[in-house]
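Asks: First the structure, then my questions, so here it is.
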Protein chains: 2
Amino acid sequence: MTKPVGHLQPPYYAVIFTSLHSSEDYDSYEKTALRMVELAAEQEGFLGIESASGDFDKPRITVSYWRDIDSIKNWRENAEHKIAQEKGRSLWYKHYRIRICLVEHEYGDRN
Amino acid sequence: MTKPVGHLQPPYYAVIFTSLHSSEDYDSYEKTALRMVELAAEQEGFLGIESASGDFDKPRITVSYWRDIDSIKNWRENAEHKIAQEKGRSLWYKHYRIRICLVEHEYGDRN
């Protein structure tokens, strides 16, 4: 779905979002997911997002990166995002889990 | 590839591993990846692993969870794992990035 996010300078925050999808209304999920990526990218403190797997019978992992914890709190409270969260809980997800993490170190092969 | 990891009690560590694969020797990659999941699960301090996407032209995200930073260091230095890391860098990955994160909070819908 998305390109890998290149080098970011720690410390910063990551939100690891793991979900297992029901087959309910997958088209509306995909449309909303794309909109949420677009909307997240407009938020103060947003650094990047990457996501893997699209099948509704397999776990999806989406990781978004943020400058600080306040940026994450603001994004969580965004009105349009809150509607999407509610639809996710009631309709799209068989399972979901959100982990808020401080990225302390990173390394890789290039920027 | 793997089931979602359920509730874990923070604080603990996550290693976010993002990779973009070349088409080189994908079969040997898959075999080694499965072996690394098996081997990681035998390590002291291992809490769980989840992985999404399998196509060689899309990003794969693998997140492993660990009790503490020393467990991650020991795993990184594991002899068999080091051989796999070297093959990854030289053969399998067009791109990779590893982020070491302290998980401060988590929430979700069930255990």
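Residue numbers start at 1 in each chain; chains themselves are named A, B, ... in the order of the structure tokens; ligands are numbered from 1 in the order shown.
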Please, which residues in chain B fall within 10 Å of chain A when counting only C-alpha atoms, and what is the closest atom pair and distance in Å to one decimal for each, ordered by chain then residue number, as a tab-separated table?

Replies:
```
residue	atom	partner	partner_atom	distance
B:Met1	CA	A:Lys58	CA	7.5
B:Thr2	CA	A:Pro59	CA	7.5
B:Lys3	CA	A:Pro59	CA	6.7
B:Pro4	CA	A:Pro59	CA	6.3
B:Val5	CA	A:Thr18	CA	8.5
B:Gly6	CA	A:Arg97	CA	7.6
B:His7	CA	A:Arg97	CA	7.9
B:Leu8	CA	A:Arg99	CA	9.8
B:Pro10	CA	A:Arg99	CA	9.3
B:Pro11	CA	A:Cys101	CA	9.4
B:Tyr12	CA	A:Cys101	CA	9.4
B:Tyr13	CA	A:Cys101	CA	8.3
B:Ala14	CA	A:Cys101	CA	7.9
B:Val15	CA	A:Val103	CA	9.3
B:Ile16	CA	A:Val63	CA	8.7
B:Phe17	CA	A:Gly108	CA	9.4
B:Thr18	CA	A:Pro4	CA	6.8
B:Ser19	CA	A:Pro4	CA	7.5
B:Leu20	CA	A:Pro4	CA	7.5
B:Glu50	CA	A:Pro59	CA	8.2
B:Ser51	CA	A:Ile61	CA	7.4
B:Ala52	CA	A:Ser53	CA	5.2
B:Ser53	CA	A:Ser53	CA	4.3
B:Gly54	CA	A:Ser53	CA	7.7
B:Asp55	CA	A:Ser53	CA	9.1
B:Lys58	CA	A:Met1	CA	7.5
B:Pro59	CA	A:Pro4	CA	6.3
B:Arg60	CA	A:Ala52	CA	6.0
B:Ile61	CA	A:Ala52	CA	6.1
B:Thr62	CA	A:Ile61	CA	8.4
B:Val63	CA	A:Ile16	CA	8.7
B:Arg89	CA	A:Asp109	CA	8.1
B:Tyr93	CA	A:Asp109	CA	9.4
B:Lys94	CA	A:Asp109	CA	8.9
B:His95	CA	A:Asp109	CA	6.4
B:Tyr96	CA	A:Gly108	CA	5.5
B:Arg97	CA	A:Gly108	CA	4.1
B:Ile98	CA	A:Tyr107	CA	5.4
B:Arg99	CA	A:Glu106	CA	4.3
B:Ile100	CA	A:His105	CA	5.2
B:Cys101	CA	A:Val103	CA	4.2
B:Leu102	CA	A:Leu102	CA	5.0
B:Val103	CA	A:Cys101	CA	4.2
B:Glu104	CA	A:Cys101	CA	5.6
B:His105	CA	A:Ile100	CA	5.2
B:Glu106	CA	A:Arg99	CA	4.3
B:Tyr107	CA	A:Ile98	CA	5.4
B:Gly108	CA	A:Arg97	CA	4.1
B:Asp109	CA	A:Tyr96	CA	6.1
B:Arg110	CA	A:His95	CA	7.6
B:Asn111	CA	A:Arg97	CA	9.3
```

Asks: Limited to C-alpha atoms, could you put the picked residues into a file as a PDB file, in the first residue's frame?

Replies:
```
ATOM      1  CA  MET B   1       2.242 -14.849   7.687  1.00  0.00           C
ATOM      2  CA  THR B   2       1.746 -14.692  11.438  1.00  0.00           C
ATOM      3  CA  LYS B   3      -1.145 -14.178  13.851  1.00  0.00           C
ATOM      4  CA  PRO B   4      -1.516 -10.847  15.630  1.00  0.00           C
ATOM      5  CA  VAL B   5       0.227 -10.627  18.984  1.00  0.00           C
ATOM      6  CA  GLY B   6      -2.285 -10.076  21.806  1.00  0.00           C
ATOM      7  CA  HIS B   7      -1.977  -7.947  24.924  1.00  0.00           C
ATOM      8  CA  LEU B   8       1.473  -7.479  26.425  1.00  0.00           C
ATOM      9  CA  PRO B  10       4.177  -2.242  28.946  1.00  0.00           C
ATOM     10  CA  PRO B  11       6.908  -1.214  29.301  1.00  0.00           C
ATOM     11  CA  TYR B  12       8.604  -3.579  26.850  1.00  0.00           C
ATOM     12  CA  TYR B  13      10.415  -3.222  23.535  1.00  0.00           C
ATOM     13  CA  ALA B  14       9.397  -3.485  19.892  1.00  0.00           C
ATOM     14  CA  VAL B  15      11.690  -3.877  16.892  1.00  0.00           C
ATOM     15  CA  ILE B  16      10.034  -2.557  13.733  1.00  0.00           C
ATOM     16  CA  PHE B  17      11.727  -4.085  10.707  1.00  0.00           C
ATOM     17  CA  THR B  18      10.650  -2.705   7.318  1.00  0.00           C
ATOM     18  CA  SER B  19      12.044  -4.251   4.147  1.00  0.00           C
ATOM     19  CA  LEU B  20      11.595  -3.957   0.422  1.00  0.00           C
ATOM     20  CA  GLU B  50       3.923 -10.384  13.774  1.00  0.00           C
ATOM     21  CA  SER B  51       4.553  -9.854  10.108  1.00  0.00           C
ATOM     22  CA  ALA B  52       2.552  -8.590   7.136  1.00  0.00           C
ATOM     23  CA  SER B  53       2.866  -8.715   3.322  1.00  0.00           C
ATOM     24  CA  GLY B  54       4.742 -11.293   1.367  1.00  0.00           C
ATOM     25  CA  ASP B  55       5.147  -9.963  -2.154  1.00  0.00           C
ATOM     26  CA  LYS B  58       5.792  -4.470  -1.690  1.00  0.00           C
ATOM     27  CA  PRO B  59       7.123  -3.453   1.708  1.00  0.00           C
ATOM     28  CA  ARG B  60       7.114  -6.130   4.368  1.00  0.00           C
ATOM     29  CA  ILE B  61       6.712  -5.043   8.002  1.00  0.00           C
ATOM     30  CA  THR B  62       7.780  -7.391  10.764  1.00  0.00           C
ATOM     31  CA  VAL B  63       7.461  -6.345  14.394  1.00  0.00           C
ATOM     32  CA  ARG B  89      21.893  -7.141   3.213  1.00  0.00           C
ATOM     33  CA  TYR B  93      16.730  -6.540   0.471  1.00  0.00           C
ATOM     34  CA  LYS B  94      16.566  -3.566  -1.833  1.00  0.00           C
ATOM     35  CA  HIS B  95      15.896  -1.554   1.286  1.00  0.00           C
ATOM     36  CA  TYR B  96      15.664  -2.232   5.005  1.00  0.00           C
ATOM     37  CA  ARG B  97      15.301  -0.214   8.187  1.00  0.00           C
ATOM     38  CA  ILE B  98      15.233  -1.269  11.813  1.00  0.00           C
ATOM     39  CA  ARG B  99      13.698   0.814  14.578  1.00  0.00           C
ATOM     40  CA  ILE B 100      14.204  -0.011  18.266  1.00  0.00           C
ATOM     41  CA  CYS B 101      11.258   1.266  20.313  1.00  0.00           C
ATOM     42  CA  LEU B 102      10.124   1.387  23.907  1.00  0.00           C
ATOM     43  CA  VAL B 103       6.416   0.502  24.030  1.00  0.00           C
ATOM     44  CA  GLU B 104       4.908   2.879  26.586  1.00  0.00           C
ATOM     45  CA  HIS B 105       1.168   2.188  26.209  1.00  0.00           C
ATOM     46  CA  GLU B 106      -1.090  -0.206  24.381  1.00  0.00           C
ATOM     47  CA  TYR B 107      -4.793  -0.803  23.991  1.00  0.00           C
ATOM     48  CA  GLY B 108      -7.128  -2.862  21.862  1.00  0.00           C
ATOM     49  CA  ASP B 109     -10.295  -4.840  21.842  1.00  0.00           C
ATOM     50  CA  ARG B 110      -9.331  -7.993  23.709  1.00  0.00           C
ATOM     51  CA  ASN B 111      -6.432 -10.077  25.013  1.00  0.00           C
TER      52      ASN B 111
END
```

Asks: Just want the 12 Å neighbourhood of Lys73 of chain B, counted on only C-alpha atoms, with same-chain residues fewer than 5 positions away dropped. Output as a PyMOL selection string.

Replies: chain B and resi 13+15+43-46+66-68+78+81-82+100

Asks: May I have the selected residues written with C-alpha atoms, as a short mmCIF file (atom, residue, chain, number, x, y, z; two decimals), in the first residue's frame?

Replies:
```
data_model
loop_
_atom_site.label_atom_id
_atom_site.label_comp_id
_atom_site.auth_asym_id
_atom_site.auth_seq_id
_atom_site.Cartn_x
_atom_site.Cartn_y
_atom_site.Cartn_z
CA TYR B 13 10.41 -3.22 23.54
CA VAL B 15 11.69 -3.88 16.89
CA GLN B 43 15.43 -16.61 22.72
CA GLU B 44 15.40 -15.30 26.28
CA GLY B 45 13.12 -12.26 26.54
CA PHE B 46 11.15 -12.93 23.34
CA TRP B 66 11.06 -8.17 23.58
CA ARG B 67 11.23 -7.90 27.36
CA ASP B 68 14.18 -5.49 27.36
CA ASN B 78 22.96 -14.71 17.62
CA HIS B 81 20.78 -14.80 12.90
CA LYS B 82 23.96 -12.94 11.91
CA ILE B 100 14.20 -0.01 18.27
#
```

Asks: Which residue gives the smallest distance to Ser71 of chain B among B:Leu34, B:Ala40, B:Ile49, B:Leu91, with only C-alpha atoms counted?

Replies: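 Under the stated criterion, the closest residue is B:Ala40.
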
Asks: I need the residues in segment 10-95 of chain A that are strand (DSSP E or B) according to DSSP; give them as a list in words.

Replies: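 Here is the list: Tyr12, Tyr13, Ala14, Val15, Ile16, Phe17, Thr18, Ser19, Leu20, His21, Phe46, Leu47, Gly48, Ile49, Glu50, Ser51, Ala52, Arg60, Ile61, Thr62, Val63, Ser64, Tyr65, Trp66, Tyr93, Lys94 and His95 of chain A.
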
Asks: Which residues, written as a PyMOL selection string, have at least one atom at most 10 Å from Glu80 of chain A, with only C-alpha atoms counted and residues fewer than 6 positions away on the same chain left out?

Replies: chain A and resi 35-36+39

Asks: Please measure the separation of atom CA of Trp92 of chain A and atom CA of Ser28 of chain A, giving the value in Å to one decimal.

Replies: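 Going from atom CA of Trp92 of chain A over to atom CA of Ser28 of chain A, I get 9.1 Å.
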
Asks: What is the distance, in Å and to one decimal place, between atom CA of Val37 of chain A and atom CA of Ser90 of chain A?

Replies: 20.2 Å

Asks: Determine which residues of segment 30-87 of chain B receive a DSSP assignment of helix (DSSP H, G or I), computed from the backbone, and state them as an MDAnalysis selection string.

Replies: chainID B and resid 30:40 69:77 79:87
